[in-house]
$ cat target_15.csv   # CSV, C-alpha atoms
chain,number,residue,atom,x,y,z
A,196,MET,CA,-22.4,15.5,-22.7
A,197,THR,CA,-20.8,16.1,-26.2
A,198,GLY,CA,-17.4,14.7,-27.0
A,199,ALA,CA,-15.8,18.1,-26.8
A,200,GLU,CA,-17.4,18.7,-23.4
A,201,VAL,CA,-16.1,15.4,-22.1
A,202,LEU,CA,-12.6,16.3,-23.2
A,203,GLU,CA,-12.9,19.8,-21.6
A,204,THR,CA,-14.2,18.3,-18.4
A,205,ALA,CA,-11.5,15.6,-18.4
A,206,ALA,CA,-8.9,18.3,-18.3
A,207,GLN,CA,-10.6,19.6,-15.1
A,208,THR,CA,-10.8,16.0,-13.7
A,209,ALA,CA,-7.1,15.6,-14.4
A,210,ARG,CA,-6.4,18.4,-11.9
A,211,LEU,CA,-8.3,16.5,-9.1
A,212,PRO,CA,-6.3,13.9,-7.1
A,213,CYS,CA,-7.7,10.4,-6.9
A,214,HIS,CA,-8.7,10.7,-3.2
A,215,VAL,CA,-10.6,14.0,-3.9
A,216,ILE,CA,-12.6,12.4,-6.7
A,217,GLU,CA,-13.3,9.4,-4.4
A,218,ARG,CA,-14.6,11.8,-1.7
A,219,MET,CA,-16.8,13.7,-4.2
A,220,VAL,CA,-18.3,10.4,-5.5
A,221,CYS,CA,-19.1,9.3,-2.0
A,222,GLU,CA,-20.8,12.7,-1.4
A,223,ILE,CA,-22.8,12.4,-4.7
A,224,TRP,CA,-24.0,8.9,-3.9
A,225,SER,CA,-24.8,9.8,-0.3
A,226,ASP,CA,-27.0,12.6,-1.5
A,227,HIS,CA,-28.7,10.2,-3.9
A,228,PHE,CA,-29.3,7.4,-1.4
A,229,GLY,CA,-30.0,9.6,1.6
A,230,HIS,CA,-27.3,8.0,3.9
A,231,PRO,CA,-23.5,8.0,4.1
A,232,VAL,CA,-21.6,6.0,1.5
A,233,ARG,CA,-18.1,4.7,2.1
A,234,PRO,CA,-15.4,4.4,-0.6
A,235,ASP,CA,-15.8,0.6,-0.8
A,236,ASP,CA,-19.6,0.5,-1.0
A,237,ASP,CA,-21.0,-1.1,-4.2
A,238,PHE,CA,-23.5,1.0,-6.1
A,239,TYR,CA,-25.9,-1.9,-6.8
A,240,ASP,CA,-25.6,-3.3,-3.3
A,241,LEU,CA,-26.8,0.1,-2.1
A,242,GLY,CA,-29.9,-0.4,-4.2
A,243,GLY,CA,-28.9,1.5,-7.3
A,244,ASP,CA,-30.2,0.6,-10.8
A,245,SER,CA,-29.7,1.8,-14.3
A,246,LEU,CA,-31.9,4.8,-13.9
A,247,ALA,CA,-30.1,5.8,-10.7
A,248,LEU,CA,-26.8,5.3,-12.4
A,249,LEU,CA,-27.7,7.9,-15.0
A,250,GLU,CA,-28.7,10.4,-12.3
A,251,VAL,CA,-25.4,10.1,-10.4
A,252,VAL,CA,-23.4,10.4,-13.6
A,253,VAL,CA,-25.1,13.7,-14.4
A,254,ALA,CA,-24.5,14.9,-10.9
A,255,ALA,CA,-20.8,14.0,-11.2
A,256,GLN,CA,-20.5,15.8,-14.5
A,257,GLU,CA,-22.2,18.9,-13.0
A,258,ARG,CA,-19.4,18.9,-10.3
A,259,GLY,CA,-16.7,18.7,-12.9
A,260,ILE,CA,-16.0,15.0,-13.0
A,261,ALA,CA,-15.6,13.7,-16.5
A,262,LEU,CA,-17.7,10.5,-16.1
A,263,ARG,CA,-19.5,8.4,-18.6
A,264,SER,CA,-22.2,5.9,-17.7
A,265,SER,CA,-20.1,3.1,-19.2
A,266,ALA,CA,-17.3,3.8,-16.8
A,267,ALA,CA,-19.7,4.0,-13.8
A,268,MET,CA,-21.1,0.7,-14.8
A,269,ARG,CA,-17.7,-1.0,-14.9
A,270,ASN,CA,-16.5,0.6,-11.6
A,271,THR,CA,-19.2,0.3,-9.0
A,272,THR,CA,-17.5,1.6,-5.9
A,273,PRO,CA,-16.2,5.2,-5.3
A,274,ALA,CA,-12.7,3.9,-4.8
A,275,ARG,CA,-12.6,1.9,-8.0
A,276,LEU,CA,-14.3,4.7,-10.0
A,277,ALA,CA,-11.8,7.3,-8.7
A,278,GLU,CA,-8.8,5.2,-9.7
A,279,SER,CA,-10.4,4.6,-13.2
A,280,LEU,CA,-10.4,8.4,-13.7
A,281,THR,CA,-6.8,9.0,-12.5
A,282,VAL,CA,-4.5,6.1,-11.9
A,283,THR,CA,-5.7,3.8,-14.8
A,284,ALA,CA,-7.2,6.5,-17.0
A,285,PRO,CA,-6.3,6.7,-20.7
A,286,ALA,CA,-3.2,8.7,-21.3
A,287,THR,CA,-5.2,11.4,-23.1
A,288,GLN,CA,-7.2,12.0,-19.9
A,289,ALA,CA,-4.7,11.2,-17.2
A,290,PRO,CA,-3.0,13.9,-15.0
A,291,PRO,CA,0.5,15.1,-16.0
A,292,ALA,CA,3.1,12.3,-16.0
A,293,GLN,CA,6.3,14.4,-15.6
A,294,PRO,CA,8.3,13.4,-12.4
A,295,HIS,CA,7.7,16.0,-9.8
A,296,PRO,CA,10.9,17.7,-8.5
A,297,ALA,CA,9.8,17.3,-4.9
A,298,LEU,CA,9.8,13.5,-5.4
A,299,LEU,CA,12.7,13.0,-7.9
A,300,PRO,CA,15.9,12.0,-6.0
A,301,SER,CA,19.0,13.9,-6.9
A,302,ALA,CA,22.1,12.3,-8.5
A,303,ALA,CA,23.9,12.9,-5.2
A,304,GLU,CA,21.3,10.9,-3.3
A,305,VAL,CA,21.5,8.0,-5.7
A,306,SER,CA,25.3,7.9,-5.6
A,307,GLY,CA,25.3,8.3,-1.8
A,308,MET,CA,22.9,5.4,-1.3
A,309,ASP,CA,25.6,2.7,-1.5
A,310,ALA,CA,27.9,4.6,0.8
A,311,ALA,CA,25.3,4.8,3.6
A,312,ALA,CA,25.5,2.6,6.7
A,313,TRP,CA,22.9,0.9,8.8
A,314,THR,CA,21.7,3.1,11.7
A,315,GLU,CA,19.9,2.3,14.9
A,316,ALA,CA,16.7,3.7,13.4
A,317,ASP,CA,16.7,1.0,10.8
A,318,THR,CA,15.8,-1.7,13.4
A,319,ARG,CA,14.0,0.4,16.0
A,320,LEU,CA,10.8,-1.2,17.3
A,321,THR,CA,8.0,1.3,17.8
A,322,PRO,CA,5.1,0.4,20.1
A,323,VAL,CA,1.6,0.7,18.5
A,324,GLY,CA,-1.5,0.7,20.7
A,325,ALA,CA,-1.4,-1.4,23.8
A,326,THR,CA,2.0,-1.8,25.5
A,327,ASP,CA,1.0,-4.3,28.3
A,328,GLY,CA,2.6,-7.6,28.9
A,329,THR,CA,0.7,-9.6,26.2
A,330,GLN,CA,2.5,-11.5,23.6
A,331,PRO,CA,3.4,-8.9,20.9
A,332,LEU,CA,2.7,-8.8,17.2
A,333,TYR,CA,5.8,-7.7,15.3
A,334,VAL,CA,4.9,-5.8,12.1
A,335,VAL,CA,7.0,-4.6,9.2
A,336,HIS,CA,5.3,-1.6,7.6
A,337,SER,CA,5.0,-0.8,3.9
A,338,ASP,CA,7.0,2.0,2.3
A,339,SER,CA,4.1,4.5,2.2
A,340,HIS,CA,1.0,3.8,4.3
A,341,VAL,CA,2.5,3.6,7.8
A,342,GLN,CA,-0.1,5.8,9.5
A,343,ALA,CA,-3.1,4.0,7.9
A,344,GLU,CA,-1.6,0.6,8.8
A,345,ARG,CA,-1.1,1.6,12.4
A,346,GLN,CA,-4.7,2.8,12.6
A,347,ALA,CA,-5.9,-0.6,11.2
A,348,LEU,CA,-3.6,-2.5,13.6
A,349,ALA,CA,-5.2,-0.8,16.5
A,350,ASP,CA,-8.5,-2.5,15.5
A,351,TRP,CA,-7.1,-5.7,14.1
A,352,ALA,CA,-4.8,-6.6,17.0
A,353,ASP,CA,-7.7,-6.8,19.5
A,354,GLY,CA,-5.6,-5.8,22.5
A,355,LEU,CA,-2.3,-7.3,21.5
A,356,SER,CA,0.8,-5.3,22.0
A,357,VAL,CA,2.1,-4.3,18.6
A,358,ARG,CA,5.7,-3.5,17.8
A,359,ALA,CA,6.5,-2.1,14.4
A,360,LEU,CA,9.5,-1.9,12.2
A,361,THR,CA,9.8,0.5,9.2
A,362,LEU,CA,11.7,-0.3,6.0
A,363,PRO,CA,15.4,0.7,5.6
A,364,GLY,CA,15.7,4.4,4.5
A,365,HIS,CA,12.4,5.4,6.1
A,366,HIS,CA,14.1,7.3,8.9
A,367,GLY,CA,17.5,8.0,7.5
A,368,PRO,CA,20.0,7.1,4.8
A,369,ILE,CA,19.4,4.1,2.6
A,370,PRO,CA,21.8,1.4,3.6
A,371,PRO,CA,23.5,-0.9,1.1
A,372,TYR,CA,21.6,-4.0,2.3
A,373,GLY,CA,22.2,-6.0,-0.9
A,374,ASP,CA,19.3,-8.4,-0.6
A,375,VAL,CA,16.1,-9.0,1.4
A,376,GLY,CA,18.0,-11.5,3.6
A,377,ALA,CA,20.3,-8.8,4.8
A,378,VAL,CA,17.3,-6.8,6.0
A,379,ALA,CA,15.6,-9.8,7.5
A,380,ASP,CA,18.7,-10.9,9.4
A,381,ARG,CA,18.8,-7.5,11.2
A,382,TYR,CA,15.0,-7.6,11.9
A,383,ALA,CA,15.2,-11.1,13.3
A,384,ASP,CA,18.0,-10.0,15.6
A,385,ALA,CA,15.9,-7.0,16.8
A,386,VAL,CA,12.8,-9.2,17.4
A,387,ARG,CA,14.9,-11.8,19.4
A,388,ALA,CA,16.5,-9.0,21.4
A,389,ASP,CA,13.1,-7.6,22.3
A,390,GLN,CA,11.6,-11.0,23.3
A,391,PRO,CA,14.4,-13.6,23.9
A,392,GLY,CA,13.3,-17.2,23.5
A,393,GLY,CA,9.7,-16.3,22.9
A,394,THR,CA,6.8,-17.4,20.6
A,395,TYR,CA,6.6,-15.0,17.8
A,396,ARG,CA,3.8,-13.5,15.7
A,397,LEU,CA,4.7,-11.5,12.6
A,398,ALA,CA,2.9,-9.5,9.9
A,399,GLY,CA,3.9,-7.2,7.1
A,400,PHE,CA,2.4,-4.9,4.5
A,401,GLY,CA,3.5,-4.4,0.9
A,402,GLN,CA,7.2,-4.6,0.6
A,403,GLY,CA,7.3,-5.1,4.4
A,404,ALA,CA,5.3,-8.3,3.9
A,405,VAL,CA,8.2,-9.8,2.0
A,406,VAL,CA,10.7,-8.7,4.7
A,407,ALA,CA,8.4,-10.1,7.4
A,408,PHE,CA,8.3,-13.5,5.6
A,409,GLU,CA,12.1,-13.7,5.4
A,410,THR,CA,12.3,-12.6,9.1
A,411,ALA,CA,10.0,-15.4,10.1
A,412,ARG,CA,11.9,-17.9,8.0
A,413,ARG,CA,15.1,-16.9,9.8
A,414,LEU,CA,13.5,-17.2,13.2
A,415,ARG,CA,12.3,-20.7,12.4
A,416,ALA,CA,15.6,-21.7,11.0
A,417,ALA,CA,17.2,-20.7,14.3
A,418,GLY,CA,14.8,-23.0,16.2
A,419,GLU,CA,12.4,-20.3,17.3
A,420,HIS,CA,8.6,-20.9,17.3
A,421,VAL,CA,6.7,-18.6,15.0
A,422,GLN,CA,3.1,-19.0,15.8
A,423,SER,CA,1.6,-17.0,12.9
A,424,LEU,CA,2.7,-15.0,9.9
A,425,VAL,CA,0.4,-12.6,8.0
A,426,LEU,CA,1.2,-11.2,4.6
A,427,ILE,CA,-1.0,-8.2,3.7
A,428,ASP,CA,-1.0,-7.1,0.0
A,429,PRO,CA,2.7,-8.3,-0.4
A,430,ALA,CA,4.7,-6.5,-3.0
A,431,PRO,CA,5.0,-8.3,-6.4
A,432,LEU,CA,8.1,-10.4,-6.9
A,433,GLY,CA,9.7,-11.7,-10.0
A,434,SER,CA,12.9,-13.3,-11.1
A,435,THR,CA,15.0,-11.3,-13.6
A,436,GLU,CA,18.4,-11.4,-15.1
A,437,GLY,CA,20.2,-8.8,-13.0
A,438,ARG,CA,18.4,-5.8,-11.6
A,439,PRO,CA,16.0,-3.6,-13.4
A,440,ASP,CA,17.2,-0.1,-14.1
A,441,LEU,CA,16.8,2.1,-11.0
A,442,ASP,CA,15.9,5.1,-13.2
A,443,HIS,CA,13.2,3.1,-14.9
A,444,LEU,CA,11.7,2.1,-11.6
A,445,LEU,CA,11.7,5.6,-10.4
A,446,HIS,CA,10.1,7.0,-13.5
A,447,ASP,CA,7.3,4.5,-13.3
A,448,ARG,CA,6.8,5.2,-9.6
A,449,LEU,CA,6.7,9.0,-10.0
A,450,THR,CA,4.5,8.8,-13.1
A,451,LEU,CA,2.0,6.8,-11.0
A,452,LEU,CA,2.2,9.3,-8.1
A,453,GLY,CA,1.7,12.1,-10.6
A,454,ARG,CA,-1.5,10.6,-11.8
A,455,ARG,CA,-2.8,9.6,-8.4
A,456,PHE,CA,-2.2,13.0,-6.9
A,457,ALA,CA,-2.7,15.1,-10.0
A,458,LEU,CA,0.7,16.8,-9.7
A,459,ALA,CA,1.4,19.5,-12.2
A,460,GLY,CA,5.0,19.8,-11.2
A,461,ASP,CA,5.0,23.3,-9.7
A,462,GLU,CA,3.5,22.4,-6.2
A,463,ALA,CA,5.7,23.2,-3.2
A,464,PRO,CA,7.1,20.0,-1.5
A,465,ALA,CA,5.0,20.8,1.6
A,466,ALA,CA,1.8,20.9,-0.5
A,467,VAL,CA,2.7,17.6,-2.1
A,468,LEU,CA,3.2,15.9,1.3
A,469,ALA,CA,-0.1,17.5,2.6
A,470,GLY,CA,-2.0,15.9,-0.3
A,471,MET,CA,-0.4,12.6,0.3
A,472,ARG,CA,-1.2,12.6,4.0
A,473,GLU,CA,-4.8,13.6,3.2
A,474,ALA,CA,-5.0,10.4,1.1
A,475,GLY,CA,-3.5,8.2,3.9
A,476,TRP,CA,0.1,8.2,2.9
A,477,TYR,CA,3.1,8.4,5.3
A,478,ASP,CA,3.2,9.3,8.9
A,479,ASP,CA,3.6,12.4,11.0
A,480,GLY,CA,7.4,11.9,11.2
A,481,VAL,CA,7.9,12.4,7.4
A,482,GLN,CA,8.9,15.9,6.3
A,483,PRO,CA,8.8,17.4,2.8
A,484,GLU,CA,12.6,17.0,2.4
A,485,ASP,CA,12.2,13.2,3.0
A,486,LEU,CA,10.0,12.6,0.0
A,487,GLN,CA,12.9,12.2,-2.5
A,488,ARG,CA,14.7,9.7,-0.3
A,489,LEU,CA,11.5,7.7,0.3
A,490,GLN,CA,11.0,7.2,-3.4
A,491,LEU,CA,14.6,6.2,-3.8
A,492,ALA,CA,14.2,3.7,-0.9
A,493,TRP,CA,11.1,2.2,-2.5
A,494,ALA,CA,12.9,1.8,-5.9
A,495,ARG,CA,16.0,0.3,-4.3
A,496,LEU,CA,13.9,-2.3,-2.5
A,497,ALA,CA,11.7,-2.9,-5.6
A,498,GLN,CA,14.9,-3.5,-7.5
A,499,THR,CA,16.0,-6.1,-5.0
A,500,LEU,CA,12.6,-7.8,-4.8
A,501,SER,CA,12.5,-8.2,-8.6
A,502,ARG,CA,15.1,-11.0,-8.3
A,503,HIS,CA,13.8,-12.5,-5.0
A,504,GLU,CA,12.2,-15.9,-4.9
A,505,PRO,CA,10.7,-16.9,-1.5
A,506,ALA,CA,10.9,-20.5,-0.5
A,507,GLY,CA,11.0,-23.0,2.3
A,508,TYR,CA,8.6,-21.8,4.9
A,509,ASP,CA,6.4,-24.4,6.8
A,510,GLY,CA,4.7,-22.3,9.4
A,511,PRO,CA,1.0,-21.2,9.3
A,512,THR,CA,0.7,-18.2,7.1
A,513,LEU,CA,-2.2,-16.0,6.1
A,514,LEU,CA,-2.2,-14.1,2.8
A,515,VAL,CA,-4.6,-11.2,2.5
A,516,GLN,CA,-4.9,-9.9,-1.1
A,517,ASP,CA,-7.1,-8.0,-3.5
A,518,VAL,CA,-8.4,-10.3,-6.2
A,519,LEU,CA,-6.9,-7.9,-8.7
A,520,ARG,CA,-3.5,-9.1,-7.7
A,521,LEU,CA,-4.4,-12.5,-6.2
A,522,PRO,CA,-3.4,-14.8,-9.1
A,523,ALA,CA,0.1,-13.5,-9.2
A,524,ALA,CA,0.3,-13.5,-5.4
A,525,GLU,CA,-0.8,-17.2,-5.2
A,526,GLN,CA,1.7,-18.1,-8.0
A,527,THR,CA,4.4,-16.7,-5.8
A,528,TRP,CA,3.4,-17.8,-2.3
A,529,ARG,CA,1.8,-21.2,-2.7
A,530,PRO,CA,5.0,-22.9,-3.7
A,531,ALA,CA,6.9,-21.1,-1.0
A,532,VAL,CA,4.6,-21.8,2.0
A,533,ARG,CA,3.4,-25.2,3.0
A,534,ASP,CA,0.6,-24.0,5.3
A,535,LEU,CA,-1.0,-21.1,3.5
A,536,ARG,CA,-4.5,-19.7,4.0
A,537,VAL,CA,-5.7,-17.2,1.5
A,538,VAL,CA,-8.3,-14.4,1.9
A,539,GLY,CA,-9.1,-12.7,-1.4
A,540,LEU,CA,-11.0,-9.4,-1.2
A,541,ASP,CA,-13.0,-8.1,-4.2
A,542,HIS,CA,-12.1,-4.4,-4.3
A,543,ARG,CA,-10.1,-4.3,-7.6
A,544,VAL,CA,-8.1,-1.2,-6.7
A,545,ALA,CA,-4.4,-0.5,-6.6
A,546,SER,CA,-4.5,1.3,-3.3
A,547,PRO,CA,-4.0,-0.9,-0.2
A,548,LEU,CA,-6.4,1.3,1.8
A,549,ALA,CA,-9.4,-0.8,0.7
A,550,LEU,CA,-7.8,-3.8,2.4
A,551,LEU,CA,-7.1,-1.8,5.5
A,552,ARG,CA,-10.7,-0.7,5.7
A,553,ASP,CA,-12.2,-4.2,5.1
A,554,THR,CA,-13.9,-5.9,8.0
A,555,ASN,CA,-13.3,-9.3,6.6
A,556,ALA,CA,-9.6,-8.6,6.4
A,557,ALA,CA,-9.7,-7.4,10.0
A,558,ALA,CA,-11.5,-10.5,11.2
A,559,ALA,CA,-9.0,-12.8,9.3
A,560,VAL,CA,-5.9,-11.0,10.7
A,561,ARG,CA,-7.3,-11.0,14.2
A,562,GLU,CA,-8.1,-14.7,14.1
A,563,ALA,CA,-4.6,-15.5,12.8
A,564,CYS,CA,-2.9,-13.3,15.4
A,565,THR,CA,-4.9,-14.5,18.4
A,566,ALA,CA,-5.2,-18.2,17.7
$ encode --input "target_15.csv" --output "structure tokens"
Amino acid sequence: MTGAEVLETAAQTARLPCHVIERMVCEIWSDHFGHPVRPDDDFYDLGGDSLALLEVVVAAQERGIALRSSAAMRNTTPARLAESLTVTAPATQAPPAQPHPALLPSAAEVSGMDAAAWTEADTRLTPVGATDGTQPLYVVHSDSHVQAERQALADWADGLSVRALTLPGHHGPIPPYGDVGAVADRYADAVRADQPGGTYRLAGFGQGAVVAFETARRLRAAGEHVQSLVLIDPAPLGSTEGRPDLDHLLHDRLTLLGRRFALAGDEAPAAVLAGMREAGWYDDGVQPEDLQRLQLAWARLAQTLSRHEPAGYDGPTLLVQDVLRLPAAEQTWRPAVRDLRVVGLDHRVASPLALLRDTNAAAAVREACTA
């Protein structure tokens, strides 16, 4: 492929969402190896070599994917390769970065955020899977992958009754919660009301992992017994002077989504949501008109987490993290948790879906929750 041909094909690749490229790569590798290939399968573990690599690169180019052999050598799973061509691609090859109007909150939504009040939906417990009398696992979902997390929990919980909480703003107006502790106080009350005087198991994903941690800390401080706490791909934390600018956080968020989903800016909101759902984002309750509020809710909580420093937890805790983000996660959580077990998984992708699909993650979470 000549340099001009690569640039021309790159423009075509830029119109393909990350999950579509991932699926195409899986299909190409499946055709080559003669059996199904999953997004997290490693090319060389499958039996590939340098000659086979050249063959699949050519096949990818013929299907409109701007792929060089050097990129395929560095990114040896379909999931990693797809992200390298979209989410982390050079600016000259990346999808458009303009915020999509279906995702960009209006000025009225931003100004109305601080006037909103807590609603019953903010602390509603949703049963997931089994609803028998077994000791429940209380889960705080991430902001984006609720449906995928529930599917994973159905396998991980191994018959446990799971009761889930979503983050503030997921089902209604974004309340002026102030800090993570204000959210955790309400969630701890909801858990205690659901199971008074019980032994508690908690878990959380992404931003919800930080809320789950603070909820567990409050339960223990109140004299309750927290048997286990699982933090799955917790959101990054960092101490800053004041809060980062909300507009800056939103711009970075929407730029990332524009690259991941190859958004040109003229797609209808329903089409944007359909593409996100196809990639494992959001649940069936989310409507196109909710997308703007959900991005604002993420940014508001990210703003709060930027100045949050967890500390003072002595209960058994499991941290499940991609090695790409593991050093930063350990720097945050080891000083905060006395009894911390860490499971690092070598996917090296930004998407949390790889962790949700990982059998080692499933086994570790199941062990922690059923011990």
$ atom_distance --input "target_15.csv" --atom1 "atom CA of Ala563 of chain A" --atom2 "atom CA of Leu397 of chain A"
10.1 Å
$ residues_near_point --input "target_15.csv" --point "(8.6, -6.8, 7.2)" --cutoff "10 Å" --atoms "all atoms listed in the file" --output "number ranges by chain"
A: 333-337, 359-362, 375, 378-379, 382-383, 397-411, 426, 429
$ residues_around --input "target_15.csv" --residues "segment 528-544 of chain A" --least-positions-apart "2" --cutoff "7 Å" --atoms "only C-alpha atoms" --output "list of chain:residue names"
A:Arg275, A:Pro505, A:Ala506, A:Gly507, A:Tyr508, A:Asp509, A:Gly510, A:Pro511, A:Thr512, A:Leu513, A:Leu514, A:Val515, A:Gln516, A:Asp517, A:Val518, A:Leu519, A:Leu521, A:Ala524, A:Glu525, A:Gln526, A:Ser546, A:Ala549
$ residues_around --input "target_15.csv" --residues "Pro296 of chain A" --least-positions-apart "4" --cutoff "10 Å" --atoms "all atoms listed in the file" --output "PyMOL selection string"
chain A and resi 300-301+449+460-464+486-487
$ atom_distance --input "target_15.csv" --atom1 "atom CA of Trp476 of chain A" --atom2 "atom CA of Pro273 of chain A"
18.5 Å
$ residues_around --input "target_15.csv" --residues "Ile216 of chain A" --least-positions-apart "3" --cutoff "6 Å" --atoms "all atoms listed in the file" --output "VMD selection string"
chain A and resid 213 219 277
$ residues_around --input "target_15.csv" --residues "Val251 of chain A" --least-positions-apart "3" --cutoff "7 Å" --atoms "all atoms listed in the file" --output "PDB file with C-alpha atoms, keeping the file's coordinate frame"
ATOM      1  CA  ILE A 223     -22.800  12.400  -4.700  1.00  0.00           C
ATOM      2  CA  TRP A 224     -24.000   8.900  -3.900  1.00  0.00           C
ATOM      3  CA  ALA A 247     -30.100   5.800 -10.700  1.00  0.00           C
ATOM      4  CA  LEU A 248     -26.800   5.300 -12.400  1.00  0.00           C
ATOM      5  CA  ALA A 254     -24.500  14.900 -10.900  1.00  0.00           C
ATOM      6  CA  ALA A 255     -20.800  14.000 -11.200  1.00  0.00           C
TER       7      ALA A 255
END
$ closest_residue --input "target_15.csv" --among "A:Ala388, A:Val282, A:Ile369, A:Leu262" --to "Ala310 of chain A" --atoms "only C-alpha atoms"
A:Ile369
$ residues_around --input "target_15.csv" --residues "Ala385 of chain A" --least-positions-apart "6" --cutoff "8 Å" --atoms "all atoms listed in the file" --output "list in words"
Thr318, Arg319 and Leu320 of chain A
$ atom_distance --input "target_15.csv" --atom1 "atom CA of Leu414 of chain A" --atom2 "atom CA of Gln342 of chain A"
27.0 Å
$ residues_near_point --input "target_15.csv" --point "(16.1, 0.1, -2.6)" --cutoff "10 Å" --atoms "all atoms listed in the file" --output "PyMOL selection string"
chain A and resi 308-309+362-364+369-375+441+488-500
$ write_last_selection --input "target_15.csv" --atoms "C-alpha atoms" --output "PDB file, in the frame of the given file"
ATOM      1  CA  MET A 308      22.900   5.400  -1.300  1.00  0.00           C
ATOM      2  CA  ASP A 309      25.600   2.700  -1.500  1.00  0.00           C
ATOM      3  CA  LEU A 362      11.700  -0.300   6.000  1.00  0.00           C
ATOM      4  CA  PRO A 363      15.400   0.700   5.600  1.00  0.00           C
ATOM      5  CA  GLY A 364      15.700   4.400   4.500  1.00  0.00           C
ATOM      6  CA  ILE A 369      19.400   4.100   2.600  1.00  0.00           C
ATOM      7  CA  PRO A 370      21.800   1.400   3.600  1.00  0.00           C
ATOM      8  CA  PRO A 371      23.500  -0.900   1.100  1.00  0.00           C
ATOM      9  CA  TYR A 372      21.600  -4.000   2.300  1.00  0.00           C
ATOM     10  CA  GLY A 373      22.200  -6.000  -0.900  1.00  0.00           C
ATOM     11  CA  ASP A 374      19.300  -8.400  -0.600  1.00  0.00           C
ATOM     12  CA  VAL A 375      16.100  -9.000   1.400  1.00  0.00           C
ATOM     13  CA  LEU A 441      16.800   2.100 -11.000  1.00  0.00           C
ATOM     14  CA  ARG A 488      14.700   9.700  -0.300  1.00  0.00           C
ATOM     15  CA  LEU A 489      11.500   7.700   0.300  1.00  0.00           C
ATOM     16  CA  GLN A 490      11.000   7.200  -3.400  1.00  0.00           C
ATOM     17  CA  LEU A 491      14.600   6.200  -3.800  1.00  0.00           C
ATOM     18  CA  ALA A 492      14.200   3.700  -0.900  1.00  0.00           C
ATOM     19  CA  TRP A 493      11.100   2.200  -2.500  1.00  0.00           C
ATOM     20  CA  ALA A 494      12.900   1.800  -5.900  1.00  0.00           C
ATOM     21  CA  ARG A 495      16.000   0.300  -4.300  1.00  0.00           C
ATOM     22  CA  LEU A 496      13.900  -2.300  -2.500  1.00  0.00           C
ATOM     23  CA  ALA A 497      11.700  -2.900  -5.600  1.00  0.00           C
ATOM     24  CA  GLN A 498      14.900  -3.500  -7.500  1.00  0.00           C
ATOM     25  CA  THR A 499      16.000  -6.100  -5.000  1.00  0.00           C
ATOM     26  CA  LEU A 500      12.600  -7.800  -4.800  1.00  0.00           C
TER      27      LEU A 500
END
$ closest_residue --input "target_15.csv" --among "A:Ala466, A:Ala349, A:Ile260, A:Val386" --to "Ala297 of chain A" --atoms "all atoms listed in the file"
A:Ala466
$ closest_residue --input "target_15.csv" --among "A:Thr565, A:Ala459, A:Asp384, A:His295" --to "Gln330 of chain A" --atoms "only C-alpha atoms"
A:Thr565
